[in-house]
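> Here it is, the structure, as structure tokens.
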Amino acid sequence: MRFSKDHEWVEPDGGEAAIGITAYAAEQLGDVVFIELPELGRKVKAGEPLAVVESVKAASDVFSPVAGEVIAVNASLPGSPETVNAEPERDGWLVKLKLADPAEADALMDRHAYEAFLAAL
Amino acid sequence: MRYLPLTDADRAEMLAVVRAPSVEALFEDVPAATRLSGDLDLPPHQGELEVERALAGLAARNRAAGAGPFFCGAGAYRHHVPASVDHIIQRSEFLTSYTPYQPEIAQGTLQVLFEFQTQVAALTGLPVANASMYDGSTACAEAVMMAARVTRRRKAILSGGLHPHYAEAAWTLAHSAGVVTRRLPAAVDAERAVVEAIDTETACVVVQTPNVFGTASELGAIAEAAHAAGALMVVVTTEAVSFGLLKPPGAMGADIAVAEGQSIGNPLSFGGPYVGLFAAREAFVRQMPGRLCGETRDAEGRRGFVLTLSTREQHIRREKATSNICTNSGLCALAFSIHMTLLGETGLRRLAALNHARARRLRDALEALPRVEVLTPRFFNELALRLPRPAAAVVEALAAAGIVAGVPFSRLDPRAGLDDVLLVCATETTTDDDIAALARGLAAETAP
């Protein structure tokens with residue numbers, strides 16, 4: 001699993017990758033009440049808004065840490081957005097992308113680097 | 001306190017920062033023809049009495065809607081507003097706190113908005129309504145944008161029965177957001193052409209009932225066709241009193257219903273401010289524009305009101321807000337709510353029935369004229385007439401005789417090729433004498 005400075009995680013699996021928000025992001029947002037997911041087939045570049053996570057405090061864009069095409073969205077989230085708080089880095093995944101460049105995620109932070117990044121915030 | 005304009009030194013300093021040699025040079029890109037040269041052509045200052053006299057003279061040149069026979073409708077309607085409405089909206093508790101900057105402190109304001117929403121939901125037959133929009137046309141434009149967000153498609157089909165100004169407002173807002181509006185040809189029965197215009201790229205169809213020609217339509221088949229293509233149906237109503245008699249948009253399959261609420265509680269007032277009504281299916285609540293007031297319980301279990309789903313709004317989401325509207329027509333919505341409350345369900349039904357009865361009387365009188373053709377088959381309180389000569393000229397001639405005969409369609413859409421069409425409207429304020437005067441006037445103006 002790799003991490004972005006915008007607090008998204010990406011877990012590549014072959015030419016695909018699951019994407020979500022980190023436990024830190026989920027905790028900062030507070031109780032998530034709604035998630036707006038992208039349509040299938042949408043192509044995104046790294047850094048482009050991919051989804052919107054709305055909590056009781058704010059509605060925040062989720063930026064795609066890597067480029068690719070949306071091949072799946074987590075269909076259980078609209079009915080139970082609280083999964084993003086409970087399991088942000090597992091069942092609370094948002095989107096699966098078909099990666100434009102499977103090596104792109106390697107440039108992101110690993111967990112150790114991300115934890116150091118958080119500690120410095 | 002005196003207002004002190006900038007000194008020459010201030011100007012010089014500012015010009016130096018932007019590196020412009022003079023104020024003239026700063027504005028050189030503004031075409032000369034559009035720039036003011038010399039002083040404004042205004043008389044010198046005068047005393048309060050003189051100003052009042054001059055303005056009263058100007059005001060006397062207006063002709064108030066109540067000054068004689070008056071048949072204008074087409075989006076703005078003359079109705080009786082009870083004096084109690086004006087009295088209540090001018091209470092300082094309402095008038096000075098009309099916009100909730102610190103919403104939860106203003107529980108009374110929020111309660112009114114909540115009741116307004118409840119009324120709008122009941123009238124439109126849809127479960128969720130917002131705290132109001134600027135007017136019917138901007139509500140319509142926002143509905144088009146909302147449909148584009150919901151369906152993730154970028155094309156809206158506008159019925160030829162939609163008020164042309166609403167179509168223009170929809171285009172104005174939508175085109176800059178990349179949403180294409182396709183307007184079908186204007187026709188009394190324009191709804192018939194809507195179904196075949198729907199395709200799989202269509203975000204929504206926008207249909208109006210009663211339409212701008214007065215035609216009241218059953219829209220269920222259009223809703224089915226839209227839904228089968230994955231599109232939404234937006235239903236527009238410009239005459240809110242018609243809700244008292246006609247089937248609500250929600251019962252005809254509307255996904256979004258918008259309306260002009262001026263008819264209830266608000267005077268014509270030169271065309272504004274008015275109040276837009278906006279309601280939708282519950283599944284789309286987060287894509288709705290505008291403010292929403294919700295009911296809740298406080299820490300001690302007492303009933304209270306809050307602004308809800310504000311995270312979608314501009315003051316929090318900035319440029320990514322669901323919509324740029326971050327306010328509502330608070331005072332006009334209040335007037336609407338008070339009048340609705342005074343009428344109640346029975347009162348609204350009776351008011352609507354009275355309007356329809358007056359319009360039938362008008363239809364009967366005009367149908368008897370040999371050279372006037374009544375075009376509208378099924379109507380609420382408005383009719384389209386075909387005259388043997390341009391309607392605008394007839395309206396001008398009758399205005400000179402003290403009769404405001406209605407709205408020439410060419411006034412709304414000069415390019416539709418419907419210059420001979422006159423739109424007329426009757427409400428509870430229309431008397432038998434008014435109708436007789438119009439019939440006499442039209443008979444004279446259309447004589448061979």
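We label chains A, B, ... in the order they appear in the structure tokens, count residues from 1 in each chain, and number ligands from 1 in the order shown.
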Neighbours of segment 36-41 of chain A within 6 Å (only C-alpha atoms; same-chain residues fewer than 4 positions away dropped), as a short mmCIF file (atom, residue, chain, number, x, y, z; two decimals) with C-alpha atoms, in the first residue's frame?

data_model
loop_
_atom_site.label_atom_id
_atom_site.label_comp_id
_atom_site.auth_asym_id
_atom_site.auth_seq_id
_atom_site.Cartn_x
_atom_site.Cartn_y
_atom_site.Cartn_z
CA ALA A 51 -14.75 11.26 -5.34
CA VAL A 52 -16.28 13.45 -2.65
CA GLU A 69 -9.71 4.41 -15.58
CA VAL A 70 -12.49 3.70 -13.06
CA ILE A 71 -13.40 0.00 -13.29
#
> What residues in chain B have any atom no more than 9 Å from chain A when counting only C-alpha atoms, and can you write them as an MDAnalysis selection string?
chainID B and resid 152 286 309:312 316:317 320
> Give me, please, the distance in Å between atom CA of Leu6 of chain B and atom CA of Ala33 of chain B, quoted to one decimal.
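Atom-to-atom, atom CA of Leu6 of chain B to atom CA of Ala33 of chain B, that is 26.4 Å.
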> Step one, run DSSP on the backbone; step two, keep only residues of segment 102-210 of chain B assigned to alpha helix (DSSP H); then write them as a PyMOL selection string.
chain B and resi 107-124+136-151+164-175
> Write out as a list of chain:residue names which residues come within 10 Å of Arg291 of chain B when counting only C-alpha atoms, dropping same-chain ones fewer than 4 positions away.
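That gives B:Leu113, B:Ala129, B:Asn130, B:Ala131, B:Ser132, B:Met133, B:Leu307, B:Thr308, B:Leu309, B:Ser310, B:Arg312, B:Glu313, B:Ile325, B:Cys326, B:Thr327, B:Asn328.
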> Please write the residues from the selection above to a file, keeping N, CA and C atoms, as a PDB file, in the first residue's frame.

ATOM      1  N   LEU B 113     -39.195  28.665   7.292  1.00  0.00           N
ATOM      2  CA  LEU B 113     -38.625  28.016   6.108  1.00  0.00           C
ATOM      3  C   LEU B 113     -39.033  26.544   6.060  1.00  0.00           C
ATOM      4  N   ALA B 129     -38.152  19.625  -0.506  1.00  0.00           N
ATOM      5  CA  ALA B 129     -38.166  20.952  -1.136  1.00  0.00           C
ATOM      6  C   ALA B 129     -37.136  21.810  -0.427  1.00  0.00           C
ATOM      7  N   ASN B 130     -36.541  22.757  -1.156  1.00  0.00           N
ATOM      8  CA  ASN B 130     -35.564  23.631  -0.506  1.00  0.00           C
ATOM      9  C   ASN B 130     -36.238  24.916  -0.010  1.00  0.00           C
ATOM     10  N   ALA B 131     -35.406  25.768   0.594  1.00  0.00           N
ATOM     11  CA  ALA B 131     -35.934  26.963   1.260  1.00  0.00           C
ATOM     12  C   ALA B 131     -36.212  28.103   0.297  1.00  0.00           C
ATOM     13  N   SER B 132     -36.259  27.814  -1.005  1.00  0.00           N
ATOM     14  CA  SER B 132     -36.616  28.731  -2.094  1.00  0.00           C
ATOM     15  C   SER B 132     -35.414  29.170  -2.906  1.00  0.00           C
ATOM     16  N   MET B 133     -35.735  29.585  -4.146  1.00  0.00           N
ATOM     17  CA  MET B 133     -34.746  30.085  -5.096  1.00  0.00           C
ATOM     18  C   MET B 133     -35.131  31.535  -5.416  1.00  0.00           C
ATOM     19  N   LEU B 307     -30.266  24.384   9.708  1.00  0.00           N
ATOM     20  CA  LEU B 307     -29.941  24.320   8.279  1.00  0.00           C
ATOM     21  C   LEU B 307     -29.155  23.037   8.094  1.00  0.00           C
ATOM     22  N   THR B 308     -29.585  22.220   7.164  1.00  0.00           N
ATOM     23  CA  THR B 308     -28.991  20.899   7.039  1.00  0.00           C
ATOM     24  C   THR B 308     -28.332  20.732   5.680  1.00  0.00           C
ATOM     25  N   LEU B 309     -27.429  19.775   5.591  1.00  0.00           N
ATOM     26  CA  LEU B 309     -26.686  19.505   4.346  1.00  0.00           C
ATOM     27  C   LEU B 309     -25.955  20.752   3.837  1.00  0.00           C
ATOM     28  N   SER B 310     -25.537  21.629   4.769  1.00  0.00           N
ATOM     29  CA  SER B 310     -24.842  22.856   4.343  1.00  0.00           C
ATOM     30  C   SER B 310     -23.478  22.568   3.747  1.00  0.00           C
ATOM     31  N   ARG B 312     -22.787  21.064   1.289  1.00  0.00           N
ATOM     32  CA  ARG B 312     -22.814  21.178  -0.169  1.00  0.00           C
ATOM     33  C   ARG B 312     -22.669  22.617  -0.606  1.00  0.00           C
ATOM     34  N   GLU B 313     -22.802  23.549   0.339  1.00  0.00           N
ATOM     35  CA  GLU B 313     -23.022  24.939  -0.053  1.00  0.00           C
ATOM     36  C   GLU B 313     -21.736  25.724  -0.209  1.00  0.00           C
ATOM     37  N   ILE B 325     -26.017  29.224  -5.625  1.00  0.00           N
ATOM     38  CA  ILE B 325     -27.006  29.895  -4.799  1.00  0.00           C
ATOM     39  C   ILE B 325     -26.745  29.520  -3.351  1.00  0.00           C
ATOM     40  N   CYS B 326     -26.581  30.553  -2.532  1.00  0.00           N
ATOM     41  CA  CYS B 326     -26.196  30.336  -1.136  1.00  0.00           C
ATOM     42  C   CYS B 326     -27.199  31.063  -0.256  1.00  0.00           C
ATOM     43  N   THR B 327     -28.330  31.413  -0.839  1.00  0.00           N
ATOM     44  CA  THR B 327     -29.298  32.204  -0.111  1.00  0.00           C
ATOM     45  C   THR B 327     -30.682  31.753  -0.551  1.00  0.00           C
ATOM     46  N   ASN B 328     -31.684  32.489  -0.186  1.00  0.00           N
ATOM     47  CA  ASN B 328     -33.028  32.181  -0.669  1.00  0.00           C
ATOM     48  C   ASN B 328     -33.828  33.474  -0.673  1.00  0.00           C
TER      49      ASN B 328
END
> When distances are computed from only C-alpha atoms, which of A:Arg111, A:Ala103, A:Ser64, A:Gly47 shows the smallest separation from Glu89 of chain A?
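Among A:Arg111, A:Ala103, A:Ser64, A:Gly47, it is A:Arg111 that comes nearest to Glu89 of chain A.
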> As a ChimeraX atom specification, please: the residues near Ala74 of chain B (cut-off 9 Å, only C-alpha atoms, same-chain neighbours under 6 positions excluded).
/B:163,211-214,238-239,382,406-407,412,423-425
> So that I have them on file, write out the residues from the current selection with C-alpha atoms, as an mmCIF file, in the first residue's frame.

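part-v2.cif was written with the following content:
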data_model
loop_
_atom_site.group_PDB
_atom_site.id
_atom_site.type_symbol
_atom_site.label_atom_id
_atom_site.label_comp_id
_atom_site.auth_asym_id
_atom_site.auth_seq_id
_atom_site.Cartn_x
_atom_site.Cartn_y
_atom_site.Cartn_z
ATOM 1 C CA HIS B 163 -41.652 30.038 -21.134
ATOM 2 C CA ASN B 211 -47.358 25.733 -20.544
ATOM 3 C CA VAL B 212 -46.630 29.251 -21.760
ATOM 4 C CA PHE B 213 -49.648 29.006 -24.090
ATOM 5 C CA GLY B 214 -51.840 27.996 -21.153
ATOM 6 C CA THR B 238 -45.235 29.471 -13.634
ATOM 7 C CA GLU B 239 -48.708 29.838 -12.101
ATOM 8 C CA GLU B 382 -54.437 31.282 -19.383
ATOM 9 C CA GLY B 406 -52.355 40.550 -22.477
ATOM 10 C CA VAL B 407 -48.862 39.572 -23.601
ATOM 11 C CA LEU B 412 -41.408 36.782 -25.177
ATOM 12 C CA LEU B 423 -51.534 35.339 -24.398
ATOM 13 C CA VAL B 424 -54.344 36.270 -22.023
ATOM 14 C CA CYS B 425 -54.959 35.371 -18.412
#
> Give the strand (DSSP E or B) residues of segment 1-120 of chain A, as assigned by DSSP on the backbone, as a ChimeraX atom specification.
/A:2-3,8-13,16-21,32-36,43-44,49-55,59-63,68-73,95-99,109
> Take the residues from that selection and put them in a file with C-alpha atoms, as a compact mmCIF listing (two decimals), in the first residue's frame.

# COMPACT_ATOMS: atom_id res chain seq x y z
CA ARG A 2 1.24 3.46 -0.96
CA PHE A 3 0.19 6.87 0.36
CA GLU A 8 -5.20 8.87 -0.06
CA TRP A 9 -3.94 5.33 -0.19
CA VAL A 10 -3.51 3.16 -3.27
CA GLU A 11 -3.05 -0.59 -3.28
CA PRO A 12 -1.86 -1.86 -6.67
CA ASP A 13 -2.77 -5.41 -7.66
CA GLU A 16 -5.36 -2.50 -11.14
CA ALA A 17 -5.44 -0.63 -7.87
CA ALA A 18 -7.88 0.05 -5.05
CA ILE A 19 -7.98 3.59 -3.71
CA GLY A 20 -9.29 5.00 -0.45
CA ILE A 21 -8.62 7.60 2.20
CA VAL A 32 -18.70 10.33 7.13
CA VAL A 33 -22.34 10.72 6.06
CA PHE A 34 -22.21 10.60 2.26
CA ILE A 35 -19.88 9.58 -0.50
CA GLU A 36 -20.12 10.68 -4.11
CA LYS A 43 -10.46 8.43 -16.90
CA VAL A 44 -8.53 10.39 -14.29
CA PRO A 49 -10.71 14.81 -8.03
CA LEU A 50 -12.04 11.25 -8.00
CA ALA A 51 -14.75 11.26 -5.34
CA VAL A 52 -16.28 13.45 -2.65
CA VAL A 53 -16.38 12.38 0.97
CA GLU A 54 -18.86 14.34 3.04
CA SER A 55 -18.69 14.31 6.80
CA ALA A 59 -17.32 17.86 2.05
CA SER A 60 -13.87 17.05 0.73
CA ASP A 61 -12.53 15.98 -2.62
CA VAL A 62 -10.61 12.75 -2.84
CA PHE A 63 -7.81 13.18 -5.36
CA GLY A 68 -6.19 5.36 -14.64
CA GLU A 69 -9.71 4.41 -15.58
CA VAL A 70 -12.49 3.70 -13.06
CA ILE A 71 -13.40 0.00 -13.29
CA ALA A 72 -15.29 -0.41 -9.98
CA VAL A 73 -16.76 1.65 -7.15
CA VAL A 95 -12.71 3.14 -6.20
CA LYS A 96 -10.78 0.60 -8.26
CA LEU A 97 -8.77 1.91 -11.19
CA LYS A 98 -7.21 0.19 -14.16
CA LEU A 99 -3.79 1.80 -13.94
CA MET A 109 5.21 7.11 0.05
> What's the 12 Å shell around segment 92-96 of chain B, counting only C-alpha atoms, without same-chain residues fewer than 3 positions away, as a list in words?
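Skipping anything fewer than 3 positions along the chain leaves Val85, Asp86, His87, Ile88, Ile89, Thr99, Pro100, Tyr101, Ala106, Gln107, Gly108, Thr109, Leu110, Gln111, Val112, Leu113, Gly330, Leu331, Cys332, Ala333, Leu334, Ala335 and Ile338 of chain B.
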> Atom CA of Arg281 of chain B and atom CA of Met252 of chain B, how far apart in Å?
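Taking atom CA of Met252 of chain B and atom CA of Arg281 of chain B, their separation equals 12.5 Å.
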> With only C-alpha atoms as the basis for distance, which of A:Ala75, A:Leu121, A:Val84, A:Val66 is at the shortest distance from Ala107 of chain A?
A:Val66
> Mind checking which residues fall within 10 Å of Ser76 of chain A, counting only C-alpha atoms, ignoring those fewer than 3 positions away in the same chain, and posting them as a PDB file with N, CA and C atoms, in the first residue's frame?

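Result file follows (part_23.pdb):
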ATOM      1  N   VAL A  73     -16.587   0.780  -8.320  1.00  0.00           N
ATOM      2  CA  VAL A  73     -16.760   1.646  -7.151  1.00  0.00           C
ATOM      3  C   VAL A  73     -17.332   0.781  -6.033  1.00  0.00           C
ATOM      4  N   GLY A  79     -24.932   3.058   1.048  1.00  0.00           N
ATOM      5  CA  GLY A  79     -25.835   2.603   2.108  1.00  0.00           C
ATOM      6  C   GLY A  79     -25.193   2.641   3.488  1.00  0.00           C
ATOM      7  N   SER A  80     -23.879   2.518   3.556  1.00  0.00           N
ATOM      8  CA  SER A  80     -23.212   2.518   4.870  1.00  0.00           C
ATOM      9  C   SER A  80     -21.893   3.285   4.789  1.00  0.00           C
ATOM     10  N   PRO A  81     -22.003   4.629   4.672  1.00  0.00           N
ATOM     11  CA  PRO A  81     -20.787   5.447   4.561  1.00  0.00           C
ATOM     12  C   PRO A  81     -19.887   5.352   5.786  1.00  0.00           C
ATOM     13  N   THR A  83     -18.606   2.923   7.020  1.00  0.00           N
ATOM     14  CA  THR A  83     -17.513   1.969   6.791  1.00  0.00           C
ATOM     15  C   THR A  83     -16.191   2.698   6.562  1.00  0.00           C
ATOM     16  N   ASP A  91     -12.263  -2.287   4.081  1.00  0.00           N
ATOM     17  CA  ASP A  91     -13.599  -2.349   3.488  1.00  0.00           C
ATOM     18  C   ASP A  91     -14.102  -0.975   3.017  1.00  0.00           C
ATOM     19  N   GLY A  92     -13.461   0.081   3.523  1.00  0.00           N
ATOM     20  CA  GLY A  92     -13.895   1.428   3.148  1.00  0.00           C
ATOM     21  C   GLY A  92     -13.246   1.944   1.872  1.00  0.00           C
ATOM     22  N   TRP A  93     -12.694   1.041   1.058  1.00  0.00           N
ATOM     23  CA  TRP A  93     -12.123   1.494  -0.233  1.00  0.00           C
ATOM     24  C   TRP A  93     -13.194   2.191  -1.049  1.00  0.00           C
ATOM     25  N   LEU A  94     -12.771   3.110  -1.899  1.00  0.00           N
ATOM     26  CA  LEU A  94     -13.747   3.894  -2.666  1.00  0.00           C
ATOM     27  C   LEU A  94     -13.858   3.412  -4.105  1.00  0.00           C
TER      28      LEU A  94
END
> Tell me, as a count of residues only, which residues lie within 10 Å of Phe70 of chain B, counting only C-alpha atoms; anything in the same chain fewer than 5 positions away does not count.
19
> Mind giving me the straight-line distance from atom CA of Glu104 of chain A to atom CA of Glu87 of chain A in Å, one decimal?
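Going from atom CA of Glu104 of chain A over to atom CA of Glu87 of chain A covers 25.1 Å.
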> Tell me which of A:Asn85, A:His112, A:Asn74, A:Ala119 sits closest to Ala25 of chain A, counting only C-alpha atoms.
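Nearest to Ala25 of chain A: A:Asn85.
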> I'd like to know which of B:Leu232, B:Val81, B:Val285, B:Cys72 is closest to Arg411 of chain B, using only C-alpha atoms.
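The answer is B:Cys72, which sits nearest to Arg411 of chain B.
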